[in-house]
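Inspection log for the structure reproduced underneath, given as structure tokens.
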Amino acid sequence: MEMIFRKLPDDHHELEVRDRRGPDVRLAARPTGPTMPHDLVHAAVESALGITDGFWGATAEGATFEGFEPVAPTRHRRSGLKVLRRKGDAVMRAELCVNWAYRVWSGLPTDGRGLGRRLLDDRQTALASAALDRAAQRWSEVAEGEALTWRW
């Protein structure tokens with residue numbers, strides 16, 4: 001699967017996902033965030049930690065998430081929901097792990113009310129942080145109007 005993150009003006013980006021089970025999909029322009037697109041954070045952390053059943057693993061299998069639209073018209077709009085019903089718990093666990101890793105990497109609080117327990121050990125945290133360093137560097141090198149391609 002190939003994810004194409006295009007950098008747009010005013011700290012926005014769009015995303016196109018190709019060569020997955022199911023139709024190619026795109027995510028319309030949205031704010032990028034303080035460092036890089038959230039979905040790029042997922043790609044970096046899930047790859048580094050070997051999470052194959054998280055957000056990107058489910059997407060590769062044909063899951064569709066809110067905001068994603070088919071690049072070309074298709075009749076099979078609900079098939080992605082079946083994948084989510086089967087993989088939902090794993091996707092949610094990956095979401096929590098990625099968010100934890102991002103909080104650590106960003107220097108945000110990791111303990112306190114509402115943050116829950118630590119989800120990654122020291123080795124996993126180090127792997128995720130190094131992957132986020134590399135992804136942030138790659139994103140910073142993308143010029144406005146250009147794209148970063150990530151292969152899953």
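Following the order of the structure tokens, chains are lettered A, B, ..., residues in each are numbered from 1, and ligands are numbered from 1.
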Taking the DSSP secondary structure from the backbone, can you list the residues of chain A that are helix (DSSP H, G or I), as a PyMOL selection string?
chain A and resi 38-49+55-60+79-106+122-140
I need the chosen residues saved as an mmCIF file, in the first residue's frame, with C-alpha atoms.
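Once written, out-v2.cif looks like this:
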```cif
data_model
loop_
_atom_site.group_PDB
_atom_site.id
_atom_site.type_symbol
_atom_site.label_atom_id
_atom_site.label_comp_id
_atom_site.auth_asym_id
_atom_site.auth_seq_id
_atom_site.Cartn_x
_atom_site.Cartn_y
_atom_site.Cartn_z
ATOM 1 C CA HIS A 38 -1.491 12.560 12.486
ATOM 2 C CA ASP A 39 -1.762 9.724 9.959
ATOM 3 C CA LEU A 40 1.976 10.031 9.257
ATOM 4 C CA VAL A 41 2.579 9.717 13.008
ATOM 5 C CA HIS A 42 0.578 6.482 12.850
ATOM 6 C CA ALA A 43 2.605 5.204 9.908
ATOM 7 C CA ALA A 44 5.902 5.899 11.668
ATOM 8 C CA VAL A 45 4.971 4.416 15.044
ATOM 9 C CA GLU A 46 3.008 1.429 13.751
ATOM 10 C CA SER A 47 5.868 0.547 11.377
ATOM 11 C CA ALA A 48 8.528 0.924 14.077
ATOM 12 C CA LEU A 49 6.605 -1.197 16.581
ATOM 13 C CA PHE A 55 -4.950 1.961 11.709
ATOM 14 C CA TRP A 56 -2.743 1.337 8.667
ATOM 15 C CA GLY A 57 -3.032 -2.454 8.774
ATOM 16 C CA ALA A 58 -6.830 -2.165 8.812
ATOM 17 C CA THR A 59 -6.682 0.424 6.031
ATOM 18 C CA ALA A 60 -4.536 -1.927 3.936
ATOM 19 C CA SER A 79 -17.286 -3.185 2.884
ATOM 20 C CA GLY A 80 -14.701 -1.211 4.875
ATOM 21 C CA LEU A 81 -17.003 -1.260 7.888
ATOM 22 C CA LYS A 82 -16.771 -5.065 8.011
ATOM 23 C CA VAL A 83 -13.017 -4.818 8.440
ATOM 24 C CA LEU A 84 -13.479 -2.351 11.285
ATOM 25 C CA ARG A 85 -15.947 -4.628 13.047
ATOM 26 C CA ARG A 86 -13.340 -7.414 12.985
ATOM 27 C CA LYS A 87 -10.299 -5.241 13.759
ATOM 28 C CA GLY A 88 -11.799 -2.495 15.929
ATOM 29 C CA ASP A 89 -10.180 -3.514 19.223
ATOM 30 C CA ALA A 90 -6.720 -3.791 17.653
ATOM 31 C CA VAL A 91 -7.152 -0.467 15.854
ATOM 32 C CA MET A 92 -8.130 1.218 19.118
ATOM 33 C CA ARG A 93 -5.142 -0.290 20.934
ATOM 34 C CA ALA A 94 -2.839 0.992 18.173
ATOM 35 C CA GLU A 95 -4.434 4.440 18.449
ATOM 36 C CA LEU A 96 -3.684 4.532 22.164
ATOM 37 C CA CYS A 97 -0.096 3.311 21.661
ATOM 38 C CA VAL A 98 0.558 5.849 18.902
ATOM 39 C CA ASN A 99 -0.886 8.671 20.978
ATOM 40 C CA TRP A 100 1.236 7.599 23.962
ATOM 41 C CA ALA A 101 4.393 7.500 21.835
ATOM 42 C CA TYR A 102 3.594 10.912 20.356
ATOM 43 C CA ARG A 103 3.024 12.415 23.821
ATOM 44 C CA VAL A 104 6.404 11.125 25.009
ATOM 45 C CA TRP A 105 8.156 12.292 21.822
ATOM 46 C CA SER A 106 6.509 15.727 21.993
ATOM 47 C CA ASP A 122 11.304 1.710 27.330
ATOM 48 C CA ARG A 123 12.471 -0.206 24.232
ATOM 49 C CA GLN A 124 9.216 0.415 22.371
ATOM 50 C CA THR A 125 9.233 4.072 23.388
ATOM 51 C CA ALA A 126 12.787 4.467 22.072
ATOM 52 C CA LEU A 127 11.890 2.765 18.763
ATOM 53 C CA ALA A 128 8.793 4.921 18.346
ATOM 54 C CA SER A 129 10.660 8.128 19.217
ATOM 55 C CA ALA A 130 13.408 7.392 16.690
ATOM 56 C CA ALA A 131 10.780 6.658 14.030
ATOM 57 C CA LEU A 132 9.007 9.930 14.819
ATOM 58 C CA ASP A 133 12.312 11.811 14.545
ATOM 59 C CA ARG A 134 12.841 10.332 11.060
ATOM 60 C CA ALA A 135 9.244 10.987 9.951
ATOM 61 C CA ALA A 136 9.351 14.591 11.197
ATOM 62 C CA GLN A 137 12.629 15.140 9.353
ATOM 63 C CA ARG A 138 11.204 13.691 6.144
ATOM 64 C CA TRP A 139 8.048 15.840 6.467
ATOM 65 C CA SER A 140 10.070 18.994 7.124
#
```
Could you pull out all residues of chain A with a DSSP call of strand (DSSP E or B) and give them as a ChimeraX atom specification?
/A:2-8,12-18,25-31,68-70,147-151
